[in-house]
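Q: Just final_32.cif, nothing more (mmCIF, C-alpha atoms):
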data_run
#
loop_
_atom_site.group_PDB
_atom_site.id
_atom_site.type_symbol
_atom_site.label_atom_id
_atom_site.label_comp_id
_atom_site.auth_asym_id
_atom_site.auth_seq_id
_atom_site.Cartn_x
_atom_site.Cartn_y
_atom_site.Cartn_z
ATOM 1 C CA GLN A 10 -24.979 10.704 -8.234
ATOM 2 C CA VAL A 11 -21.198 10.449 -8.372
ATOM 3 C CA ARG A 12 -19.692 7.468 -6.617
ATOM 4 C CA LEU A 13 -16.171 6.120 -6.278
ATOM 5 C CA VAL A 14 -16.119 2.868 -4.358
ATOM 6 C CA GLU A 15 -12.774 1.347 -3.426
ATOM 7 C CA SER A 16 -12.296 -2.294 -2.546
ATOM 8 C CA GLY A 17 -9.510 -4.825 -2.157
ATOM 9 C CA GLY A 18 -7.749 -3.507 0.891
ATOM 10 C CA GLY A 19 -6.823 -5.681 3.823
ATOM 11 C CA LEU A 20 -4.005 -7.193 5.816
ATOM 12 C CA VAL A 21 -1.015 -8.608 3.982
ATOM 13 C CA GLN A 22 2.439 -9.726 5.043
ATOM 14 C CA PRO A 23 5.528 -7.858 3.877
ATOM 15 C CA GLY A 24 6.405 -8.989 0.379
ATOM 16 C CA GLY A 25 2.813 -9.836 -0.399
ATOM 17 C CA SER A 26 0.407 -8.422 -2.957
ATOM 18 C CA LEU A 27 -2.968 -6.744 -3.054
ATOM 19 C CA ARG A 28 -5.109 -5.483 -5.883
ATOM 20 C CA LEU A 29 -7.246 -2.449 -5.227
ATOM 21 C CA SER A 30 -10.264 -1.629 -7.341
ATOM 22 C CA CYS A 31 -12.245 1.564 -7.658
ATOM 23 C CA ALA A 32 -15.660 1.361 -9.283
ATOM 24 C CA ALA A 33 -16.888 4.686 -10.626
ATOM 25 C CA SER A 34 -20.374 5.816 -11.513
ATOM 26 C CA GLY A 35 -22.304 9.002 -12.104
ATOM 27 C CA PHE A 36 -19.810 10.735 -14.376
ATOM 28 C CA ARG A 37 -18.089 10.246 -17.698
ATOM 29 C CA PHE A 38 -15.284 8.045 -16.458
ATOM 30 C CA SER A 39 -13.387 7.737 -19.734
ATOM 31 C CA ILE A 40 -12.434 11.423 -19.903
ATOM 32 C CA TYR A 41 -11.156 11.684 -16.353
ATOM 33 C CA LYS A 42 -7.604 11.245 -15.176
ATOM 34 C CA MET A 43 -7.737 8.691 -12.396
ATOM 35 C CA ALA A 44 -5.378 8.374 -9.491
ATOM 36 C CA TRP A 45 -4.656 6.557 -6.273
ATOM 37 C CA TYR A 46 -3.571 8.479 -3.201
ATOM 38 C CA ARG A 47 -2.724 7.219 0.244
ATOM 39 C CA GLN A 48 -2.743 8.738 3.666
ATOM 40 C CA VAL A 49 -1.308 7.713 6.983
ATOM 41 C CA HIS A 50 -3.076 9.101 10.023
ATOM 42 C CA GLY A 51 -1.596 12.454 10.921
ATOM 43 C CA LYS A 52 0.264 12.846 7.656
ATOM 44 C CA GLN A 53 -0.511 14.524 4.369
ATOM 45 C CA ARG A 54 -2.272 12.600 1.642
ATOM 46 C CA GLU A 55 0.221 11.642 -1.066
ATOM 47 C CA LEU A 56 -0.125 10.706 -4.711
ATOM 48 C CA VAL A 57 0.749 7.080 -5.397
ATOM 49 C CA ALA A 58 -0.035 6.769 -9.088
ATOM 50 C CA HIS A 59 -2.161 8.319 -11.762
ATOM 51 C CA ILE A 60 -3.325 7.294 -15.194
ATOM 52 C CA THR A 61 -4.541 9.578 -17.939
ATOM 53 C CA GLU A 62 -7.662 9.085 -19.986
ATOM 54 C CA GLY A 63 -5.367 7.718 -22.674
ATOM 55 C CA GLY A 64 -3.737 5.194 -20.368
ATOM 56 C CA SER A 65 -0.406 6.855 -19.626
ATOM 57 C CA ALA A 66 0.711 6.153 -16.077
ATOM 58 C CA ASN A 67 3.003 7.839 -13.607
ATOM 59 C CA TYR A 68 4.106 6.722 -10.172
ATOM 60 C CA ALA A 69 5.539 8.049 -6.963
ATOM 61 C CA GLU A 70 9.194 7.182 -6.732
ATOM 62 C CA SER A 71 8.584 5.020 -3.677
ATOM 63 C CA VAL A 72 6.359 2.587 -5.592
ATOM 64 C CA VAL A 73 8.036 2.443 -8.993
ATOM 65 C CA GLY A 74 8.545 -1.145 -10.073
ATOM 66 C CA ARG A 75 6.187 -2.487 -7.405
ATOM 67 C CA PHE A 76 2.789 -0.918 -8.145
ATOM 68 C CA THR A 77 0.860 -0.855 -11.407
ATOM 69 C CA ILE A 78 -2.139 1.332 -12.119
ATOM 70 C CA SER A 79 -4.568 0.402 -14.865
ATOM 71 C CA ARG A 80 -8.070 1.258 -15.983
ATOM 72 C CA ASP A 81 -10.942 -0.431 -17.743
ATOM 73 C CA ASN A 82 -13.080 2.242 -19.340
ATOM 74 C CA ALA A 83 -15.699 -0.316 -20.366
ATOM 75 C CA LYS A 84 -16.231 -1.178 -16.701
ATOM 76 C CA ASN A 85 -15.621 2.312 -15.283
ATOM 77 C CA THR A 86 -12.995 0.878 -12.982
ATOM 78 C CA VAL A 87 -9.438 1.744 -12.062
ATOM 79 C CA PHE A 88 -7.072 -0.717 -10.433
ATOM 80 C CA LEU A 89 -3.904 -0.610 -8.405
ATOM 81 C CA GLN A 90 -1.853 -3.781 -8.366
ATOM 82 C CA MET A 91 0.509 -3.643 -5.421
ATOM 83 C CA ASP A 92 3.348 -6.143 -5.237
ATOM 84 C CA SER A 93 6.318 -6.520 -2.906
ATOM 85 C CA LEU A 94 4.460 -4.599 -0.250
ATOM 86 C CA LYS A 95 6.417 -3.004 2.544
ATOM 87 C CA PRO A 96 5.298 -1.921 6.021
ATOM 88 C CA GLU A 97 5.663 1.685 4.903
ATOM 89 C CA ASP A 98 2.982 1.107 2.252
ATOM 90 C CA ALA A 99 0.376 0.740 4.981
ATOM 91 C CA ALA A 100 -2.185 3.515 4.694
ATOM 92 C CA VAL A 101 -5.719 4.311 3.676
ATOM 93 C CA TYR A 102 -5.801 4.299 -0.106
ATOM 94 C CA TYR A 103 -8.137 6.695 -1.890
ATOM 95 C CA CYS A 104 -9.367 6.719 -5.449
ATOM 96 C CA ASN A 105 -9.491 10.090 -7.195
ATOM 97 C CA ALA A 106 -11.065 11.316 -10.428
ATOM 98 C CA ASP A 107 -9.808 14.550 -11.928
ATOM 99 C CA TRP A 108 -11.066 16.569 -14.900
ATOM 100 C CA GLY A 109 -10.219 20.240 -15.082
ATOM 101 C CA SER A 110 -11.458 21.827 -11.878
ATOM 102 C CA THR A 111 -13.673 18.859 -11.032
ATOM 103 C CA ARG A 112 -12.391 16.306 -8.541
ATOM 104 C CA TYR A 113 -14.070 13.374 -6.897
ATOM 105 C CA TRP A 114 -12.847 11.179 -4.050
ATOM 106 C CA GLY A 115 -13.722 7.774 -2.780
ATOM 107 C CA GLN A 116 -14.056 6.924 0.887
ATOM 108 C CA GLY A 117 -10.854 4.917 1.032
ATOM 109 C CA THR A 118 -9.778 1.379 1.736
ATOM 110 C CA GLN A 119 -7.342 0.377 4.450
ATOM 111 C CA VAL A 120 -4.135 -1.440 3.577
ATOM 112 C CA THR A 121 -2.176 -2.960 6.436
ATOM 113 C CA VAL A 122 1.227 -4.537 5.879
ATOM 114 C CA SER A 123 2.389 -6.508 8.858
ATOM 115 C CA SER A 124 3.752 -9.883 9.798
#
Please lay out the structure from this file as structure tokens.
A:
Amino acid sequence: QVRLVESGGGLVQPGGSLRLSCAASGFRFSIYKMAWYRQVHGKQRELVAHITEGGSANYAESVVGRFTISRDNAKNTVFLQMDSLKPEDAAVYYCNADWGSTRYWGQGTQVTVSS
């Protein structure tokens, strides 16, 4: 059974940091491109960052220099380190696994940025 379980979301003040984790199981994690998306209610889901099976990362322009995606293939986990958070970063963050035509999604974790 495929599972992607996100954790690490919560409430943080502007300028603060959070580290999201996504634990994967039920598929061959190491060959999948992994990504983090986010969605604000009523808006389209947007790509935040992705990392290839080889570890190459790309980011949305809005998070460059503030967010870092990484993966640990030994632990089947992908991370998103979020620093210098802004109110506009508040959203539900989703973990995604992508290999060819196969895509899996987690259930999401809420990030709230507010003073």
Q: For the structure provided, state which residues fall under the PyMOL selection byres ((chain A and resi 67-75) around 10), and present them as a list in words.
A: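 Applied to this file, the PyMOL selection byres ((chain A and resi 67-75) around 10) selects Ser26, Ala44, Trp45, Tyr46, Glu55, Leu56, Val57, Ala58, His59, Ile60, Thr61, Gly64, Ser65, Ala66, Phe76, Thr77, Ile78, Gln90, Met91, Asp92, Ser93, Leu94, Lys95, Glu97 and Asp98 of chain A.
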Q: From the set A:Gln10, A:Val120, A:Arg112, A:Leu89, which residue has the shortest atom-to-atom contact distance to Tyr41 (chain A), counting only C-alpha atoms?
A: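 Residue with the minimum atom-to-atom distance to Tyr41 (chain A): A:Arg112.
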Q: Rounded to one decimal, what separation in Å do you get between CA of Val11 (chain A) and CA of Leu29 (chain A)?
A: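 Value for the CA of Val11 (chain A)-CA of Leu29 (chain A) distance: 19.3 Å.
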Q: Between CA of Arg28 (chain A) and CA of Phe88 (chain A), what is the distance in Å, rounded to a tenth?
A: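 These atoms are spaced 6.9 Å apart.
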Q: Could you state the separation of CA of Lys84 (chain A) and CA of Arg47 (chain A) in Å, given to one decimal place?
A: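 It comes out at 23.2 Å.
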Q: As a check of understanding, name the residues that the PyMOL selection byres ((chain A and resi 17) around 9) selects in the supplied structure, as a PyMOL selection string.
A: chain A and resi 15-16+18-19+27-31+118-120
Q: Can I get the selection written as a compact mmCIF listing (two decimals), in the coordinates of the input, with C-alpha atoms?
A:
# COMPACT_ATOMS: atom_id res chain seq x y z
CA GLU A 15 -12.77 1.35 -3.43
CA SER A 16 -12.30 -2.29 -2.55
CA GLY A 18 -7.75 -3.51 0.89
CA GLY A 19 -6.82 -5.68 3.82
CA LEU A 27 -2.97 -6.74 -3.05
CA ARG A 28 -5.11 -5.48 -5.88
CA LEU A 29 -7.25 -2.45 -5.23
CA SER A 30 -10.26 -1.63 -7.34
CA CYS A 31 -12.24 1.56 -7.66
CA THR A 118 -9.78 1.38 1.74
CA GLN A 119 -7.34 0.38 4.45
CA VAL A 120 -4.14 -1.44 3.58
Q: Using the chain letters and numbers from this file, what does the PyMOL selection byres ((chain A and resi 111) around 12) select? Give the answer as a list in words.
A: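 Selected by the PyMOL selection byres ((chain A and resi 111) around 12) in this file: Val11, Phe36, Arg37, Ile40, Tyr41, Lys42, Met43, Asn105, Ala106, Asp107, Trp108, Gly109, Ser110, Arg112, Tyr113 and Trp114 of chain A.
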Q: Could you tell me which of A:Ser123, A:Gln116, A:Ser39, A:Ser34 comes closest to Pro96 (chain A) if we count only C-alpha atoms?
A: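 For Pro96 (chain A), the nearest of the candidates is A:Ser123.
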Q: Which residue, A:Val122, A:Ala32, A:Val14, A:Val87, has the smallest gap to Ala99 (chain A) when you use all atoms listed in the file?
A: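 Between A:Val122, A:Ala32, A:Val14, A:Val87, the residue approaching Ala99 (chain A) most closely is A:Val122.
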Q: Go through A:Ala83, A:Gln22, A:Gly35, A:Ala100 one by one, measure the shortest atom-to-atom distance of each to His50 (chain A) using only C-alpha atoms, and give the residue with the smallest value.
A: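 Under the stated criterion, the closest residue is A:Ala100.
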Q: Centre and edge lengths, as AutoDock Vina command-line options, for the axis-aligned box enclosing every listed atom of region 66-76 of chain A with 4 Å of padding on each of the six sides, in Å to one decimal?
A:
--center_x 5.0 --center_y 2.8 --center_z -9.9 --size_x 16.5 --size_y 18.5 --size_z 20.4
Q: May I ask which of the residues A:Thr86, A:Ser124, A:Lys52, A:Asp81 is the closest one to Pro23 (chain A), counting only C-alpha atoms?
A: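 Looking at the shortest contact to Pro23 (chain A), the residue is A:Ser124.
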Q: Name the closest residue to Gln53 (chain A) among the candidates A:Val101, A:Val21, A:Asn85, A:Gly115; distances are taken between atoms, counting only C-alpha atoms.
A: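 Looking only at the distances to Gln53 (chain A), the closest residue turns out to be A:Val101.
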